[in-house]
Every structure is written in structure tokens, then in C-alpha cells.
Number of protein chains: 2
Amino acid sequence: MSKRRKVGNLLAPALLATVIQRPTHPYEMASLLRARGKEDDMEIKWGSLYTVVGNLVKHGFLEVADTTRRGARPERTVYRITDAGRAELVDWARELVSIPQPEHPKFKAGLSVLATLSPDEATTLLRDRLDRLEQAIAASRASLTRYGRDVPRLFLVEDEYELAVREAEAAWVRSLLDELASGAFPGLAMWRRWHATGEIPPEMAELAERGSVD
Amino acid sequence: MSKRRKVGNLLAPALLATVIQRPTHPYEMASLLRARGKEDDMEIKWGSLYTVVGNLVKHGFLEVADTTRRGARPERTVYRITDAGRAELVDWARELVSIPQPEHPKFKAGLSVLATLSPDEATTLLRDRLDRLEQAIAASRASLTRYGRDVPRLFLVEDEYELAVREAEAAWVRSLLDELASGAFPGLAMWRRWHATGEIPPEMAELAERGSVD
DNA sequence: GGACACATATTCGTTCACGAGTATTCGTTG
DNA sequence: CAACGAATACTCGTGAACGAATATGTGTCC
């Protein structure tokens, strides 16, 4: 499938896209990213920053342009992008945009063990999530409007995308909650009985053994 | 925020949820998960499986129940869940369900470097993505209907969730494509000119320096 | 009946991500 | 003008994640 990259960390394309504008030192790359509101995108980890820059250099995507010192502060190494780096950035961008990848959000992991909770508790927790989601959505919408005033739309698409996805999630949770509240959720009675008595319902017994070894 | 777990890997709750049914050896945990169609959820990595089980043991969430051998095959170690393990599973499930976490899908990383591509190429690539998304959605829908025949809805919620999110993504991409095709996308002319001439448009010059150091 | 693919079951070594620490300087507030 | 918090700039060690290798068992197709 998608050929495996020499440098795999998703911080890398963001860094390349920063350095492509002009040579920079690592700390400034992070600072520029942050100023553009990508902190949420990338959650910049200081530990990774220097490792990733190092790897980019090792594979010829960046090269040292200069080293300077201001006062007694640690020395700065300023990096410049190479032709290979430009090529890698464009190629990677193409791949990221055009090929949907299976994602593994935490919520999915949570849903896949939802059965460990009782239906009543699940309902309460889902309601909590919905509240939090709605708050996050409102905040995100507000911040988009604010940024929208002086940042071109082109640099806000990721945030618009995220907002759209979060809204879809909220809608889905809402509809699940409806089914749980109204009792329309199929198998709800079984689920409830199972948690009340602790007995594995016959409908599930055979199911649980699927994939056994031996 | 969410207190940091002794064992952080999201494979862990899935494993605990498997072992809670009856004692099992690692390979069988994976095999059971796979049979339940969680392979996509978790993308089981053989390398991680044994590390994670080991860590679960180290922190007292699992304990050795038995070791057996069949023929000349490697020895199996069968694990059993502990009370601490049960508590951890439930607590973790609660957290995963009720607290939305910032996610970092690859597409978002792609969108955040979308400007490195020309508007025309971006359009083509987004169309590719939409095609692939639609195929994935159709496949996912088909598999849900098939499973739905004999697996209770409760064990398919993650897949329903994923489907809903993918559909939202497709809708969002579609609407972005419309704006690009019709020319309604704000700043499209600027974006196009910039890629044609290579000159940084004045609207962006000041923007690009935001967050500079010094 | 022999060959080949697929399943069983795990170990090991390497790479990589990242948290936490460090040391200086700047800006601000009382 | 002193003091303190924030920003600057990076280093290092730990531990987790994973790829790849290993080796036998089992089913099946001709």
C-alpha cells in the first residue's frame, strides 16, 4: 500500500512545510506551528521534535544551514530544506489527502468494550460525552470564526474538517441515546438481564467461543 | 485530566475484555478478537501483543493460570484476569466512553499541508479520496448487514460509529469539492496565482512570520 | 503421498517516541 | 529594581511498540 516513509512521524510533514518557507531552527519551527493553531493538530512533543528533525537530516530531507549563538543560550542549529525534502513533502501530502486510512480513535476502543458496563451506566456516560462534545463543538466553532477574520480559509480546512466530524459524532451519540432511552435498542433486555444476574445469555454463549483455539 | 494508565496501549482493554470471559493464552486472545471482527479496530500487532500482556501481568491486572504444551509447539501460558484487572477494565471503559479526546487522523495532517499542492491537484486528490471513501463505506455497510444477522447490535456499535463518521467525512469532502469546482472557495484565486508564479501573496507575508523567534 | 499454503505460538532486537530535566534570558508587576 | 514566571532552546534516558524471524502442525489439492 502506502510505501513506508523513511521518517514516519506525522510531525515531519508539518515541519517540512514550515522550513520550506525559510531556514529555521527547531524551536522556531514549533513556535511557528503553534502560532498557526496547529498545536491541536499535532500536539507538539518536545521530545519528538529534535528526534524527528534529526531523522529528517539523516535521510537528506533537511540540511544544516547555519549555527548561531545568542548570549549564553544553547546554540541554535538552523536547518534548510533540500530538494529531496521538498519532494518528500509533496509526495506525502498527496498520499495523506488521497488515501483514507483506517483510524483508531479512543472512542471506538471504548465502544468495543461497552458491554462491560451496564446499560444504565452506559447511558449516563454517553450523556456525559454528548455534553462535553457539545461544549467542544461550540468552542471550536467560536475559534474558527475568530481566526477566519484574518487567516485565509485554506489554512483552516483541517479545523473545519474536525468540526464536521465532531458534529457527526454528536449526532450519532444522540441517536444511540434515544434508542437506549426509548428501549428501542435491540437486545437491550438481554443486556440488562445479563448485568443484573451475571449469567451469560444463551444467545451469546456460542458467540463467545468463536475463534477459540483447539 | 485522564489519569495516566499503568498500561497505556489500547490493545490492553480489548485483551482484558477477552480474558474476563475465561482464562486464555495470548495467541487465543488475538484469535478471539479477530473472530469478532475487532481486527480492524485494533490492527493487532504481534509484537505488541506479548509486550502488552507482559505489562498487564507486571501491574497485576493479569496472572498466570497455567502453562501447557501440545506436541512440539511452543509452550502456552494461560492467563487469568485479577480483581484489579476487572476494576481497571471498567474504569478505563468509563473514561473512553465519557471523555472525548483530541484525535489526530492522518487526513487532518494532510489537510494541514494542503497548501503545498496546487488547487487543481488538490481537487483531483480529494476526488480520489471521495471515491475510495465511498467504496469503503459500501463495504462497511455490507459487512454490518451480514454480521447483523447473528451478532447482537451491542457488539457492533463501534462499527456503526465508524460508518457514521466516514459518511460525515465523505459529505464534508464532497462539499469542499463543490466549492473548489465552482470557484466559490474563498482565496482560490490567490492560491492558484501563488502556485503559478511562486510568489508569496501579500495577504500571507505577514501571516507567515507570526510566531517567529527573535 | 508430497508439496505448499495457512495456522499455531512465541521470542528478540531495534527503533522511536516522549517525559522530564536543565540552564539561560526576557518581560512584567509590585 | 528585585523577583518571579514565561519563553527560549535543547539533551538524555527510559521504555514501549513493532517488524521479523522461528519452528512445528494441519489441511488440501492434484
# chains A, B, ... in the order shown; residues from 1 in each chain; ligands from 1
>>> residues_around(residues="A:Gln135", least_positions_apart="2", cutoff="12 Å", atoms="only C-alpha atoms (C1' of nucleotides)", output="list in words")
Asp128, Arg129, Leu130, Asp131, Arg132, Leu133, Ile137, Ala138, Ala139, Ser140, Arg141, Ala142, Leu163, Arg166, Glu167 and Ala170 of chain A; Ile99 and Pro100 of chain B
>>> write_last_selection(atoms="all heavy atoms", output="short mmCIF file (atom, residue, chain, number, x, y, z; two decimals), in the first residue's frame")
data_model
loop_
_atom_site.label_atom_id
_atom_site.label_comp_id
_atom_site.auth_asym_id
_atom_site.auth_seq_id
_atom_site.Cartn_x
_atom_site.Cartn_y
_atom_site.Cartn_z
N ASP A 128 -22.81 12.15 29.29
CA ASP A 128 -21.65 12.98 29.65
C ASP A 128 -20.85 13.35 28.41
O ASP A 128 -20.46 14.50 28.21
CB ASP A 128 -20.72 12.22 30.60
CG ASP A 128 -21.31 12.11 31.99
OD1 ASP A 128 -22.39 12.70 32.22
OD2 ASP A 128 -20.70 11.42 32.83
N ARG A 129 -20.59 12.33 27.62
CA ARG A 129 -19.81 12.58 26.40
C ARG A 129 -20.49 13.60 25.52
O ARG A 129 -19.85 14.51 25.01
CB ARG A 129 -19.60 11.28 25.63
CG ARG A 129 -19.10 11.48 24.20
CD ARG A 129 -18.72 10.19 23.52
NE ARG A 129 -17.36 9.84 23.88
CZ ARG A 129 -16.29 10.08 23.13
NH1 ARG A 129 -16.43 10.67 21.96
NH2 ARG A 129 -15.09 9.75 23.52
N LEU A 130 -21.78 13.43 25.36
CA LEU A 130 -22.51 14.35 24.50
C LEU A 130 -22.38 15.79 25.00
O LEU A 130 -22.14 16.71 24.21
CB LEU A 130 -23.97 13.92 24.41
CG LEU A 130 -24.84 14.70 23.44
CD1 LEU A 130 -24.25 14.69 22.04
CD2 LEU A 130 -26.26 14.12 23.39
N ASP A 131 -22.51 15.97 26.30
CA ASP A 131 -22.33 17.31 26.88
C ASP A 131 -20.97 17.88 26.51
O ASP A 131 -20.85 19.01 26.03
CB ASP A 131 -22.42 17.27 28.41
CG ASP A 131 -23.85 17.07 28.88
OD1 ASP A 131 -24.77 17.19 28.04
OD2 ASP A 131 -24.04 16.77 30.07
N ARG A 132 -19.95 17.09 26.78
CA ARG A 132 -18.59 17.55 26.53
C ARG A 132 -18.38 17.84 25.05
O ARG A 132 -17.71 18.80 24.68
CB ARG A 132 -17.60 16.51 27.01
CG ARG A 132 -17.64 16.29 28.51
CD ARG A 132 -16.42 15.51 28.99
NE ARG A 132 -16.33 15.54 30.43
CZ ARG A 132 -16.64 14.51 31.23
NH1 ARG A 132 -17.05 13.36 30.71
NH2 ARG A 132 -16.54 14.63 32.53
N LEU A 133 -18.94 16.97 24.22
CA LEU A 133 -18.82 17.17 22.78
C LEU A 133 -19.43 18.49 22.37
O LEU A 133 -18.85 19.25 21.58
CB LEU A 133 -19.55 16.05 22.03
CG LEU A 133 -18.75 14.81 21.67
CD1 LEU A 133 -19.66 13.78 21.01
CD2 LEU A 133 -17.61 15.18 20.73
N ILE A 137 -17.58 21.51 20.55
CA ILE A 137 -18.03 21.98 19.24
C ILE A 137 -18.26 23.49 19.26
O ILE A 137 -17.81 24.20 18.36
CB ILE A 137 -19.32 21.23 18.82
CG1 ILE A 137 -18.97 19.80 18.41
CG2 ILE A 137 -20.03 21.95 17.68
CD1 ILE A 137 -20.16 18.88 18.23
N ALA A 138 -18.89 23.96 20.31
CA ALA A 138 -19.15 25.40 20.43
C ALA A 138 -17.82 26.17 20.45
O ALA A 138 -17.65 27.18 19.75
CB ALA A 138 -19.96 25.69 21.68
N ALA A 139 -16.88 25.67 21.25
CA ALA A 139 -15.58 26.34 21.36
C ALA A 139 -14.88 26.36 20.01
O ALA A 139 -14.31 27.38 19.60
CB ALA A 139 -14.71 25.61 22.39
N SER A 140 -14.94 25.23 19.35
CA SER A 140 -14.25 25.09 18.08
C SER A 140 -14.86 26.02 17.04
O SER A 140 -14.15 26.66 16.25
CB SER A 140 -14.37 23.63 17.66
OG SER A 140 -13.90 23.43 16.38
N ARG A 141 -16.17 26.11 17.07
CA ARG A 141 -16.86 26.98 16.13
C ARG A 141 -16.46 28.44 16.39
O ARG A 141 -16.17 29.20 15.46
CB ARG A 141 -18.37 26.82 16.31
CG ARG A 141 -19.17 27.03 15.04
CD ARG A 141 -20.64 27.15 15.37
NE ARG A 141 -21.23 25.91 15.86
CZ ARG A 141 -21.60 24.90 15.06
NH1 ARG A 141 -21.40 24.99 13.77
NH2 ARG A 141 -22.16 23.82 15.56
N ALA A 142 -16.42 28.80 17.66
CA ALA A 142 -16.05 30.17 18.02
C ALA A 142 -14.65 30.50 17.55
O ALA A 142 -14.40 31.55 16.95
CB ALA A 142 -16.15 30.35 19.53
N LEU A 163 -14.32 19.82 12.90
CA LEU A 163 -15.62 20.25 13.41
C LEU A 163 -16.74 19.40 12.81
O LEU A 163 -17.63 18.91 13.53
CB LEU A 163 -15.82 21.73 13.08
CG LEU A 163 -17.13 22.37 13.53
CD1 LEU A 163 -17.29 22.25 15.04
CD2 LEU A 163 -17.17 23.85 13.12
N ARG A 166 -16.76 16.01 14.43
CA ARG A 166 -17.26 16.05 15.80
C ARG A 166 -18.78 16.19 15.83
O ARG A 166 -19.46 15.60 16.67
CB ARG A 166 -16.63 17.22 16.57
CG ARG A 166 -15.21 16.99 16.99
CD ARG A 166 -15.08 15.77 17.86
NE ARG A 166 -13.79 15.71 18.54
CZ ARG A 166 -13.41 14.72 19.34
NH1 ARG A 166 -14.22 13.69 19.55
NH2 ARG A 166 -12.24 14.73 19.92
N GLU A 167 -19.28 16.96 14.90
CA GLU A 167 -20.74 17.13 14.85
C GLU A 167 -21.42 15.82 14.49
O GLU A 167 -22.45 15.47 15.05
CB GLU A 167 -21.11 18.23 13.84
CG GLU A 167 -21.08 19.59 14.49
CD GLU A 167 -21.19 20.74 13.49
OE1 GLU A 167 -20.97 20.52 12.29
OE2 GLU A 167 -21.50 21.86 13.95
N ALA A 170 -21.46 13.68 17.52
CA ALA A 170 -22.50 14.10 18.47
C ALA A 170 -23.87 13.60 18.00
O ALA A 170 -24.66 13.09 18.80
CB ALA A 170 -22.50 15.62 18.60
N ILE B 99 -15.29 10.58 27.94
CA ILE B 99 -14.46 11.77 27.70
C ILE B 99 -13.91 11.82 26.28
O ILE B 99 -13.03 11.04 25.92
CB ILE B 99 -13.29 11.82 28.70
CG1 ILE B 99 -13.85 11.77 30.13
CG2 ILE B 99 -12.46 13.08 28.50
CD1 ILE B 99 -12.80 11.72 31.20
N PRO B 100 -14.40 12.74 25.48
CA PRO B 100 -13.88 12.88 24.11
C PRO B 100 -12.44 13.37 24.16
O PRO B 100 -12.11 14.26 24.92
CB PRO B 100 -14.77 13.95 23.47
CG PRO B 100 -15.77 14.34 24.49
CD PRO B 100 -15.39 13.77 25.80
#
>>> interface_residues(of="chain B", to="chain A", cutoff="7 Å", atoms="only C-alpha atoms", output="mmCIF file with C-alpha atoms, in the first residue's frame")
data_model
loop_
_atom_site.group_PDB
_atom_site.id
_atom_site.type_symbol
_atom_site.label_atom_id
_atom_site.label_comp_id
_atom_site.auth_asym_id
_atom_site.auth_seq_id
_atom_site.Cartn_x
_atom_site.Cartn_y
_atom_site.Cartn_z
ATOM 1 C CA LEU B 10 -5.380 0.494 23.676
ATOM 2 C CA ALA B 14 -9.594 -5.331 24.429
ATOM 3 C CA ALA B 17 -12.352 -7.840 27.935
ATOM 4 C CA GLU B 28 -6.044 -17.149 21.555
ATOM 5 C CA SER B 31 -7.721 -15.074 17.639
ATOM 6 C CA LEU B 32 -10.929 -14.385 19.581
ATOM 7 C CA ALA B 35 -13.139 -13.660 15.036
ATOM 8 C CA ASP B 41 -10.479 -1.800 15.467
ATOM 9 C CA VAL B 90 -14.370 -0.999 33.894
ATOM 10 C CA ALA B 93 -14.182 1.772 29.628
ATOM 11 C CA ARG B 94 -15.896 4.555 31.571
ATOM 12 C CA LEU B 96 -13.060 6.040 26.982
ATOM 13 C CA VAL B 97 -16.800 6.335 26.600
ATOM 14 C CA SER B 98 -17.417 9.522 28.501
ATOM 15 C CA ILE B 99 -14.456 11.766 27.700
ATOM 16 C CA PRO B 100 -13.882 12.879 24.111
ATOM 17 C CA GLU B 103 -7.778 12.854 17.774
ATOM 18 C CA HIS B 104 -5.133 13.120 15.096
ATOM 19 C CA PRO B 105 -6.285 11.363 11.966
ATOM 20 C CA LYS B 106 -3.870 11.288 9.042
ATOM 21 C CA PHE B 107 -6.291 13.183 6.871
ATOM 22 C CA LYS B 108 -6.059 16.120 9.225
ATOM 23 C CA ALA B 109 -2.294 16.108 8.862
ATOM 24 C CA GLY B 110 -2.811 16.012 5.108
ATOM 25 C CA LEU B 111 -5.233 18.898 5.121
ATOM 26 C CA SER B 112 -2.860 20.979 7.187
ATOM 27 C CA VAL B 113 -0.300 20.800 4.384
ATOM 28 C CA LEU B 114 -2.856 21.062 1.607
ATOM 29 C CA ALA B 115 -1.431 24.417 0.585
ATOM 30 C CA THR B 116 1.758 22.725 -0.634
ATOM 31 C CA LEU B 117 -0.280 21.326 -3.509
ATOM 32 C CA LEU B 125 -6.687 14.050 -4.973
ATOM 33 C CA LEU B 126 -9.778 14.893 -2.982
ATOM 34 C CA ASP B 128 -9.730 10.162 -5.389
ATOM 35 C CA ARG B 129 -10.286 10.155 -1.675
ATOM 36 C CA LEU B 133 -14.296 6.566 0.856
ATOM 37 C CA PRO B 152 -26.276 -8.632 18.653
ATOM 38 C CA ARG B 153 -26.223 -4.924 17.915
ATOM 39 C CA LEU B 154 -24.386 -4.288 21.191
ATOM 40 C CA PHE B 155 -21.225 -5.772 19.711
ATOM 41 C CA VAL B 157 -21.773 -0.267 17.843
ATOM 42 C CA GLU B 158 -18.138 0.577 17.125
ATOM 43 C CA TYR B 161 -19.961 4.624 14.794
ATOM 44 C CA ALA B 164 -21.336 7.311 10.611
ATOM 45 C CA VAL B 165 -18.047 9.172 10.859
ATOM 46 C CA ALA B 168 -19.707 12.592 7.525
ATOM 47 C CA GLU B 169 -16.208 12.749 6.148
ATOM 48 C CA TRP B 172 -17.543 17.138 4.000
ATOM 49 C CA PRO B 186 -12.594 31.969 -0.791
ATOM 50 C CA GLY B 187 -8.987 32.719 -1.654
ATOM 51 C CA ARG B 210 3.690 35.037 13.009
ATOM 52 C CA GLY B 211 5.332 33.138 15.794
ATOM 53 C CA SER B 212 8.873 33.961 14.687
ATOM 54 C CA VAL B 213 11.524 33.918 17.311
#
>>> interface_residues(of="chain D", to="chain B", cutoff="9 Å", atoms="only C-alpha atoms (C1' of nucleotides)", output="list in words")
DT8, DA16, DA17, DC18, DG19, DA23, DT24 and DG25 of chain D
>>> write_last_selection(atoms="N, CA and C atoms (P, O5', C5', C4', C3', O3' and C1' of nucleotides)", output="mmCIF file, in the first residue's frame")
data_model
loop_
_atom_site.group_PDB
_atom_site.id
_atom_site.type_symbol
_atom_site.label_atom_id
_atom_site.label_comp_id
_atom_site.auth_asym_id
_atom_site.auth_seq_id
_atom_site.Cartn_x
_atom_site.Cartn_y
_atom_site.Cartn_z
ATOM 1 P P DT D 8 9.505 32.159 22.898
ATOM 2 O "O5'" DT D 8 10.993 31.702 23.236
ATOM 3 C "C5'" DT D 8 11.963 32.694 23.524
ATOM 4 C "C4'" DT D 8 13.298 32.019 23.770
ATOM 5 C "C3'" DT D 8 13.723 30.996 22.709
ATOM 6 O "O3'" DT D 8 15.031 31.319 22.306
ATOM 7 C "C1'" DT D 8 13.953 30.082 24.853
ATOM 8 P P DA D 16 6.826 0.374 29.431
ATOM 9 O "O5'" DA D 16 5.802 0.588 28.245
ATOM 10 C "C5'" DA D 16 5.545 1.909 27.773
ATOM 11 C "C4'" DA D 16 5.646 1.947 26.273
ATOM 12 C "C3'" DA D 16 4.894 0.821 25.581
ATOM 13 O "O3'" DA D 16 4.043 1.403 24.637
ATOM 14 C "C1'" DA D 16 7.106 0.997 24.717
ATOM 15 P P DA D 17 2.890 0.601 23.993
ATOM 16 O "O5'" DA D 17 3.463 0.432 22.527
ATOM 17 C "C5'" DA D 17 3.807 1.600 21.798
ATOM 18 C "C4'" DA D 17 4.401 1.167 20.490
ATOM 19 C "C3'" DA D 17 3.619 0.076 19.775
ATOM 20 O "O3'" DA D 17 3.461 0.480 18.427
ATOM 21 C "C1'" DA D 17 5.887 -0.573 20.019
ATOM 22 P P DC D 18 2.418 -0.175 17.483
ATOM 23 O "O5'" DC D 18 3.373 -1.097 16.629
ATOM 24 C "C5'" DC D 18 4.534 -0.481 16.044
ATOM 25 C "C4'" DC D 18 5.526 -1.522 15.670
ATOM 26 C "C3'" DC D 18 4.944 -2.708 14.921
ATOM 27 O "O3'" DC D 18 5.339 -2.548 13.583
ATOM 28 C "C1'" DC D 18 6.666 -3.352 16.439
ATOM 29 P P DG D 19 4.818 -3.312 12.394
ATOM 30 O "O5'" DG D 19 6.174 -3.864 11.777
ATOM 31 C "C5'" DG D 19 7.345 -3.040 11.818
ATOM 32 C "C4'" DG D 19 8.556 -3.876 11.461
ATOM 33 C "C3'" DG D 19 8.294 -4.947 10.412
ATOM 34 O "O3'" DG D 19 9.445 -5.034 9.560
ATOM 35 C "C1'" DG D 19 8.924 -5.982 12.478
ATOM 36 P P DA D 23 14.408 -22.433 13.808
ATOM 37 O "O5'" DA D 23 13.525 -23.524 14.550
ATOM 38 C "C5'" DA D 23 12.635 -23.173 15.629
ATOM 39 C "C4'" DA D 23 11.349 -23.954 15.470
ATOM 40 C "C3'" DA D 23 11.410 -25.028 14.362
ATOM 41 O "O3'" DA D 23 10.830 -26.230 14.834
ATOM 42 C "C1'" DA D 23 9.560 -23.676 14.039
ATOM 43 P P DT D 24 10.946 -27.641 13.969
ATOM 44 O "O5'" DT D 24 9.653 -28.443 14.448
ATOM 45 C "C5'" DT D 24 9.095 -28.186 15.733
ATOM 46 C "C4'" DT D 24 7.601 -28.025 15.583
ATOM 47 C "C3'" DT D 24 6.909 -29.177 14.823
ATOM 48 O "O3'" DT D 24 5.963 -29.796 15.667
ATOM 49 C "C1'" DT D 24 6.118 -27.069 14.102
ATOM 50 P P DG D 25 5.026 -31.005 15.189
ATOM 51 O "O5'" DG D 25 3.704 -30.240 14.754
ATOM 52 C "C5'" DG D 25 2.925 -29.540 15.739
ATOM 53 C "C4'" DG D 25 1.582 -29.184 15.140
ATOM 54 C "C3'" DG D 25 0.825 -30.328 14.466
ATOM 55 O "O3'" DG D 25 -0.552 -30.207 14.806
ATOM 56 C "C1'" DG D 25 1.224 -28.606 12.897
#
>>> residues_around(residues="D:DA7", least_positions_apart="5", cutoff="10 Å", atoms="only C-alpha atoms (C1' of nucleotides)", output="ChimeraX atom specification")
/C:25-27
>>> interface_residues(of="chain C", to="chain A", cutoff="7 Å", atoms="only C-alpha atoms (C1' of nucleotides)", output="list in words")
DA17, DC18 and DT24 of chain C
>>> select_by_dssp(residues="stretch 10-97 of chain B", states="helix (DSSP H, G or I)", output="VMD selection string")
chain B and resid 11 to 19 26 to 35 39 to 42 46 to 58 83 to 97
>>> residues_around(residues="C:DC4", least_positions_apart="5", cutoff="12 Å", atoms="only C-alpha atoms (C1' of nucleotides)", output="PyMOL selection string")
chain D and resi 26-30
>>> write_last_selection(atoms="N, CA and C atoms (P, O5', C5', C4', C3', O3' and C1' of nucleotides)", output="JSON list (two decimals), in the first residue's frame")
[["chain", "number", "residue", "atom", "x", "y", "z"],
["D", 26, "DT", "P", -1.59, -31.35, 14.50],
["D", 26, "DT", "O5'", -2.41, -30.72, 13.29],
["D", 26, "DT", "C5'", -2.88, -29.38, 13.34],
["D", 26, "DT", "C4'", -3.45, -29.02, 11.98],
["D", 26, "DT", "C3'", -4.20, -30.16, 11.28],
["D", 26, "DT", "O3'", -5.43, -29.65, 10.81],
["D", 26, "DT", "C1'", -2.62, -29.20, 9.83],
["D", 27, "DG", "P", -6.67, -30.62, 10.53],
["D", 27, "DG", "O5'", -7.06, -30.13, 9.05],
["D", 27, "DG", "C5'", -7.27, -28.75, 8.82],
["D", 27, "DG", "C4'", -7.03, -28.44, 7.36],
["D", 27, "DG", "C3'", -7.78, -29.34, 6.37],
["D", 27, "DG", "O3'", -8.45, -28.49, 5.45],
["D", 27, "DG", "C1'", -5.49, -29.24, 5.80],
["D", 28, "DT", "P", -9.59, -29.03, 4.49],
["D", 28, "DT", "O5'", -8.86, -28.97, 3.06],
["D", 28, "DT", "C5'", -8.14, -27.78, 2.66],
["D", 28, "DT", "C4'", -7.41, -28.10, 1.37],
["D", 28, "DT", "C3'", -8.12, -29.11, 0.47],
["D", 28, "DT", "O3'", -7.93, -28.74, -0.90],
["D", 28, "DT", "C1'", -5.98, -29.88, 0.89],
["D", 29, "DC", "P", -9.06, -27.90, -1.68],
["D", 29, "DC", "O5'", -8.37, -27.66, -3.09],
["D", 29, "DC", "C5'", -7.02, -27.15, -3.15],
["D", 29, "DC", "C4'", -6.15, -28.01, -4.05],
["D", 29, "DC", "C3'", -6.92, -28.83, -5.08],
["D", 29, "DC", "O3'", -6.43, -28.52, -6.38],
["D", 29, "DC", "C1'", -5.29, -30.17, -3.98],
["D", 30, "DC", "P", -7.18, -29.03, -7.67],
["D", 30, "DC", "O5'", -6.05, -29.90, -8.40],
["D", 30, "DC", "C5'", -4.69, -29.44, -8.41],
["D", 30, "DC", "C4'", -3.76, -30.63, -8.54],
["D", 30, "DC", "C3'", -4.17, -31.62, -9.63],
["D", 30, "DC", "O3'", -3.10, -31.80, -10.55],
["D", 30, "DC", "C1'", -3.65, -32.76, -7.60]]
